[in-house]
Structure formats: C-alpha cells, structure tokens
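S.K.: Input: one structure, supplied below.
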Amino acid sequence: MDILFAQIQADLRSNDALRQTGALLQALQQSAAGRDISILAKSAVEEIVASPASAVSKKLAFDLIRSTRLTSDLWDTVITGVRSDLDFPDPDVTAAAISILSALPSHRLSKLLTDSTKEINTCFDSSSDNLRFSITETLGCILARDDVVTLCENSVSLLDRVSTWWTRIGLNMLDRSDNVSKVAFESVGRLFQEFDSKRMSRLAGDKLVDSENSLAIRSNWVSSMVDFVWKKRNALMARSLVLPVESFRATVFPIVYAVKAVASDAVEVIRKLSKSSSSSTSSVLDSNAERFVGVSDVVSHLAPFLASSLDPALIYEVGINMLYLADVPGGKTEWASLSIIAILTLWDRQEFSSARESIVRAVVTNLHLLDLHMQVSLFRRLLLMVRNLRAESDRMHALACICRTALCVDLFAKESVRRGQKPLAGTDIASLFEDARIRDDLNSVTSKSLFREELVASLVESCFQLSLPLPEQKNSGMESRVIGALAYGTGYGALNWTEPALEVVEVCRPCVKWDCDGRTYAIDCYLKLLVRLCHIYDTRGGVKRVKDGASQDQILNETRLQKLQRELVKDLREVNTPRICARLIWAIAEHIDLEGLDPLLADDPDDPLNIIIANIHKVLFNIDSSADTTNRLQDVQAVILCAQRLGSRNPRAGQLLIKELEEFRSSNLSDSVNKHQSRMILQRIKYVTSHPDSRWSAVSEARGDYPFSHHKLTVQFYEAAAAQDRKLEGLVHKAILELWRPEPSELTLLLTKGVDSTSLKVPPTAISLTGSSDPCYVEAYHLADSSDGRITLHLKVLNLTELELNRVDIRVGLSGALYYMDGSPQAVRQLRNLVSQEIMKVTTLKRIHKS
C-alpha cells in the first residue's frame, strides 16, 4: 500500500496532466474502498489546487477534498488556490474552482464571498456557458442554506451581495443556454422550498433555528423572486417549453409557487415578514381578474404534459402542482380532476411503484377539491389502494382523509335531499363497503389485517370530530367547497352528524366478533360511538312517538338503533374473547329497552335478556386468567356493575341476576372485594324488587359513558399486541387531528401573534391516570360507578426482571383535580410491600361531588 501511495504522490508532483488525472482517480478509488487518504489529499491540495493544473485535474482534486477531512492550514491553502483560480484565463478552471465553494466550512465562506465579489460577478457575465452554469448551480445551493442566511444576518455588506446574486440567478432562468436555464430554475425552486419547509442544511451540518431577522432576510429574497417570476411568467413559460423535455420538470415548481403566491395573496404575508421598507413599493398591484388569468395561463401551460408525457416523474410533478393551483381562490374543480386522474394512472406503472405512498397522499389530501360525483367514484377505489400501502402512517393518514371526506359528503348529500334535490347515488357511508374484498375482510373473524381496524377507528374518530361544533369561517383559503359549504352553512340541524354515525355503527357491527390478537382500539372506538348514539336517542325508554313530539327522522333513527342493539345481543354468542364480551355487555346493557323485551317463554334461549345474562355468567365464571388474553379483574368489575344497573331497572332481570350473583359470591372465583361488592349489589337489587316505586335516580339514569380504555401507563409493553395498540392509537389520533385541526404554519403564527384564532379548536380536557415504577411495569384500569360516585382503580404490577422484589414503591395520582363533597381533594394512599396478575385494588370510599 505504501508503494501505491508513493507512486500516486509522485504522479501528482509531475506536471503531466494525464498522470495527475490518473493518480487522482486512483486516490478516489482508495477513498471509496474506505482507506485513509489524508496524506494523498495533502499532496493534491499542494500540487493541484494551489498550483496551475488542467480543469479536469482541478475538478478531481476537489472531489478528493470532499471525501476526506482537511486540517485548518490545508483549508487556508485551498482557499488561496481557489481565490487565484477565480480570475484564471481558462473559464473551465474557474468553473472547477467555483464548484468547491459549497464544501467550504461556514466560517471560511463569508470572507471568501466578500473578498471575491468582483470575480463572482464576472462569472455571471462570462461568455462561457460552463462557467455561468457552475456559478448558478453552486450559488443556488449555497445561498438558500441556513448558515448563509445567518452569515448575512451578521453582515450587511454580505447581505447586499447575496441579494444581488439572487437577482442574477433569477435572470439566468432566461439564459440562452439550456443547462444554465434549467439549473437557475432549480435554484429558485430550492429557495422557495427552503422557505416553505424550513429544512435544515444537511451540507452545512448546522442545526440552526431561524431568528426573526433571518426569517426576514429569507422572506425578502423570496418576495423579490416571486415578483420577478410573476412579471416574467410568460417569458419563463416560453423558455421552459424550448428546454429539452427531461429538463422541463425543474421549471414547474418555481413558476407555480410564485404565481400561486401572488394569486392567493401569500406574497403579501411574505412581504410583511421581510420588514423591508422598499417592499411596499414593489408590490404587485394586479387586479383579481389579472391574477386569475395568470393562474389559468399556467394551468394551460402545464395541462398538456398530464396527457402526453411518458415520464411518470414529470406527470407526478405537473399533477401535484396543478392540484396546488386548483386550491387558489377562483380555482376550478376540473384542474383537480385532471391532475388526480393523471396521478392515479401512475399506480400501476412499474417504474413508479416505489412512489405509491406519495400518489395516495397527493390524491387523498386533495379530495375536497373535486366535485361530489368524482369524490364518490373515488372512495371505494382509494380504499383498495390504501389497503396495499406498506407503512401504517401512510395508511392511517390516507384513511383519515377518505373517511372524513366521505362523512362530509354523506352529510352534504342528505342535506341536499332535505332541500328537495335529487339524491346522489353512492354518497352513503355503506357504499364504502360495497366492494367484496372490503366486505369480506370486515365480516371475517380471523383475518389478521390491521387495515380493517384502522378503517373502523378512522371512521369512528371522524364521526366524533363531526359532532364537535365548528368555528365560523372568516376567509376562504384551504377550505373545500363541499366541506366548507357543509360545515359553515346554517341549514342543517345540530344532530345531523348522528345520521352518518348511525350508518357507521351499522356497517361496522362485525368488528365486535373480531379476534385482534388482544388489540381493542378499534372495538373500543366503535362501542364508545354506539353508547354515545344510544344516549343521545335515549334508547332505554323505547322508540318515541309522534304524540310525544318526536320527528319522523328521530323515530326512524331510534328504530334503527333498537334493531342494531338486538342484533348485537345475538352477536354476543360469537364474541371471541372475554375482554370484548364484557365491553359489549356494558355497551348494550346500559342502554337497551328492557321493558320492550317481550319473551314468549321465560327461559327462551333467544330472548335478548337471557342471552345477556348467560354472557354475564360466562364472564364471571371464566377461569382463563392468562394476562395475554384477558384482564379478568376488569371484566368481572364491569359485568358486576352491569348487573346492578340491569337488576335495578327490570324485575325479571333482577330475579335472574340475584341467582347469578349469589352463585358467583359463594364460588372460589370471587376475591374479597368482589364478594363485598356482590353482597352490596344484591341488597340493592332485592330492595328495588320489593320497593319498585323507590328506585333512586342514580341507577335509572344512563350517562352515555364508555369507561373502558386499553391505555397503558408505561412506555414498555409486556405483550406485542399492546404495543401495537398504542401505535395504532397514536397514528389514528395524529391523522385525524392533522385534518380537523391542522397545525398552524410558522408564518400564520407570526402574523397572528397575540390574536385569538377562532380557526383552532380547543382540545377537550382529559383527566388521565399517571404512574411510574422501576423496574416493574404497571398496568392500570379504572371504572367509575355513576350510582354512588365510586372510582375503582385496579393496578396490575408486572416484574419482568430476574430480581426478587419484596418491596415496590408505586405512586399513583391524578393529573387534574377531583373534588369531593367535603371540598377537600382526596389522595390515593401509597401502596407498599407489594410482591411482584399480585393484583391490588384501591377504592376511594367518598362520593364525588357532581358539580
């Protein structure tokens, strides 16, 4: 190896361009093989960079420098060599020297740019296409970087120079050379992208956060470039059309970004951020009509490429940018339709298969721009496409978009029918599930597909979002025509969201039979919505009548819900796990119309009450207490509370449940707490049975609560299914909130600082249990009994270490205040002396004040 390195160094010292080139290529080869070439880099700097050499040798020497680390004194030599090459007679040598600027350390770059201003300006004016290309490409990379913006913040003279160079790069978009023109478009596009996305410069390696001044500096450059592109848009579009077709893609984004910024008034925001006194004088004073014509011109310029191009990447680029323009005030739905149809054709293109996530994301996030007919025609197709996505996050985001839009379309269509318009086929939620593959997946008990859980969860979460009051719309921006008209119109009743929600609980009914490997997120979502609807329509009292003041819609909806409850009772026999069985019993028993059940025989096995009580028996006497399949403690607690409500409300239920509870209480399956609780509930049921007119209101009142939660208190999970559950939960919430309550952009926040923005919803307050332990893991569940205000907290302490732990300190508290009748906060006492399914129970014995 020493011999080889010695030979390379000898060749570098020769003045023979051919030998030097060969030596540099060999050195690069050694670097690629992972060998330390710092000694060769030193020779290259001294013999090539700091001395006269051919353009090819210079270029290769700079490539070698980039592949290794240089000492401070070697950087000094490099900079001296670059300075002398910047006014070298051979423009190709100068072009090579320019290319190394992007690799210089930030602290050395500022001085070199300042000292070499004259030479850099000369490069822009050079007759050599290669030199103009090199200066445009290199400065286009450097000047958009965060570290350069920071340098400009600290040096007014550098700021003036950089601003001038951006103007020169802008002018080069119209350069006579195709290569120079293309790279200038790319540079301006990069500036816009850096401004929009706030990406940190990887090349500089700096993690810099934009200060107010650096934001103003970048805004100033962007606003001047936007003005330039807007004024020269026709010339720029003409220039892009005469570029080679493979270069056309680079021209799309900068033109579209600038035109949209002007048409949507975003440029005014950018100007305010730039804090420039001169910015107001350069403002674009075009009328709305001129802006709309400008946008239409760009669409006419791009549209032919959607139909005729053979390059998938170009179709995608043009399609995305046309969607971007369709959302401009005055944009047309056909622009979005054209783009989405073109983008969807890429799904089956083999060479574009790696970008399937991007295709779906582009389509679903812009669904609201389409007319109703096209939205409806896309729903089922999109569901099948989304099902094939690999990444859960992409799948969840797409599902959230589809479900949100489908629910809004459903509501909008129902409202249109009420106003006397013709019903539009396929707008109901049930039509989403008409495809045989989706329907079969939904009805299969053993399918292992996470997709169906994500779909149910997205639909249900979107229903809950629809139920929230929406803020008043103040301006049109990203709002959809359909969703905007729906959400901000005043023509529909406050409870109309319950109609699509009712369809959701009907079509998603099979989910209660699923075997989800222990995951319960989707089923918990589903039952929570069911309970909410039953509470809203008060199904405990049966179907209301016209003479009681019920509308036809209300009567129809209550009839559907009662029918659904009876079907779910039959489904209890097919539920796979006690974990789900107890939850379903709670959801049904709390709200079913017991008085309306009229059995032919008291022991009829198909009678709903008999089925419910048989399943309560199954949960109480379930001996499978494996931690991986069930949480027996919570299941028993839930069905005992259900027994109290059922037995207190109905004499026949009371008689049957007295027998069950007495049998359970005397069995060895109940622990001391359950025995005590069963005795108390038996006393209540017996009292109510003998004093039917003295039922207290707490038992007869349904609150619409669904107290179950699969939440874990720790980051680690003792079973894979629980970890998957948390992952799924996080994805659903993130995807739904992204859509319904989008994160405000930095620009918007800067402009509206101190102003209460009504477009942001206040998130609901939550009182969540908190816990910590080490090296144990704690799982906790709590159930609140609304009849006497008791909260029962169950802790499961799991020791996953090999150590024997005779004493574990666990602190459990509430984040948020609980208020009691005596006005003082009640603390949950510390648990001590725990030996590592022991299951501890803590009961707060005071009644919660119902404030």
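Chain lettering (A, B, ...) mirrors the order of the structure tokens, residue numbering begins at 1 for each chain separately, and ligand numbering begins at 1 in order of display.
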Can you pull out every residue within 12 Å of Thr68 (chain A), counting only C-alpha atoms, but drop anything in the same chain fewer than 5 positions away, and send it as a ChimeraX atom specification?
M.R.: /A:27-28,30-32,34-42,44-45,61-63,74-75,103
S.K.: So that I can check the surroundings of region 574-589 of chain A, please list as a ChimeraX atom specification every protein, DNA and RNA residue that reaches within 9 Å of it, counting only C-alpha atoms and ignoring chain neighbours fewer than 5 positions away.
M.R.: /A:445,512-515,518,520,523-524,527-528,530-531,565-566,568-569,594,609,612,615-616,618-619,622,629-632,634-636,638-639,641-643,645-646,705-706,708
S.K.: Excluding same-chain residues fewer than 6 positions from Leu24 (chain A), what lies within 8 Å of it counting only C-alpha atoms, as a list in words?
M.R.: Ile8, Leu12, Ala44, Ser57, Leu60, Ala61 and Leu64 of chain A
S.K.: Quick one: everything within 10 Å of Asn650 (chain A), counting only C-alpha atoms, minus sequence neighbours fewer than 3 positions away in the same chain. Send it as a VMD selection string.
M.R.: chain A and resid 593 to 595 645 to 647 653 to 655 685 688 to 689 692
S.K.: Which residues are near Phe379 (chain A)? Cut-off 8 Å, only C-alpha atoms, ignore same chain within fewer than 4 positions. Put them as a list of chain:residue names.
M.R.: A:Gln375, A:Leu383, A:Ile402, A:Ala406, A:Leu432
S.K.: Write out the residues from the selection above, keeping N, CA, C and O atoms, as a tab-separated table (two decimals), in the first residue's frame.
M.R.:
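And here is the file that came out, result-v4.tsv:
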```tsv
chain	number	residue	atom	x	y	z
A	375	GLN	N	-65.68	12.58	-6.18
A	375	GLN	CA	-65.31	12.11	-4.84
A	375	GLN	C	-65.92	10.74	-4.58
A	375	GLN	O	-65.25	9.81	-4.13
A	383	LEU	N	-59.93	3.11	-1.18
A	383	LEU	CA	-59.83	2.19	-0.05
A	383	LEU	C	-58.99	0.97	-0.41
A	383	LEU	O	-58.17	0.50	0.37
A	402	ILE	N	-59.92	9.94	3.69
A	402	ILE	CA	-61.05	9.34	2.96
A	402	ILE	C	-62.30	9.33	3.84
A	402	ILE	O	-63.39	9.73	3.40
A	406	ALA	N	-65.67	11.32	3.18
A	406	ALA	CA	-66.87	10.52	2.92
A	406	ALA	C	-68.01	10.91	3.86
A	406	ALA	O	-69.17	11.03	3.44
A	432	LEU	N	-69.21	2.69	0.90
A	432	LEU	CA	-67.76	2.49	1.02
A	432	LEU	C	-67.42	1.01	1.15
A	432	LEU	O	-66.33	0.58	0.82
```
S.K.: Find the residue from A:Val318, A:Leu656, A:Leu101, A:Ala735 that sits nearest to Ala250 (chain A); use only C-alpha atoms when measuring.
M.R.: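 Closest to Ala250 (chain A) of all the choices is A:Val318.
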S.K.: Considering only C-alpha atoms, can you say which of A:Thr94, A:Gln465, A:Ser309, A:Ser264 comes closest to Ser287 (chain A)?
M.R.: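 For Ser287 (chain A), the nearest of the candidates is A:Ser264.
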S.K.: Name the residues of region 405-553 of chain A that come out as helix (DSSP H, G or I) in a backbone DSSP run; write them as a VMD selection string.
M.R.: chain A and resid 405 to 418 429 to 433 436 to 443 450 to 467 481 to 488 498 to 507 509 to 513 521 to 536 539 to 541 546 to 548 552 to 553
S.K.: Which is closer to Leu407 (chain A) than all the others in A:Gln421, A:Asn321, A:Thr498, A:Ser393, using only C-alpha atoms?
M.R.: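 Checking each candidate against Leu407 (chain A), we get A:Thr498 as the closest.
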S.K.: Using only C-alpha atoms, which residues sit within 12 Å of Ser54 (chain A) once same-chain residues fewer than 2 positions away are excluded, as a ChimeraX atom specification?
M.R.: /A:15-21,47-49,51-52,56-61,85,88-97
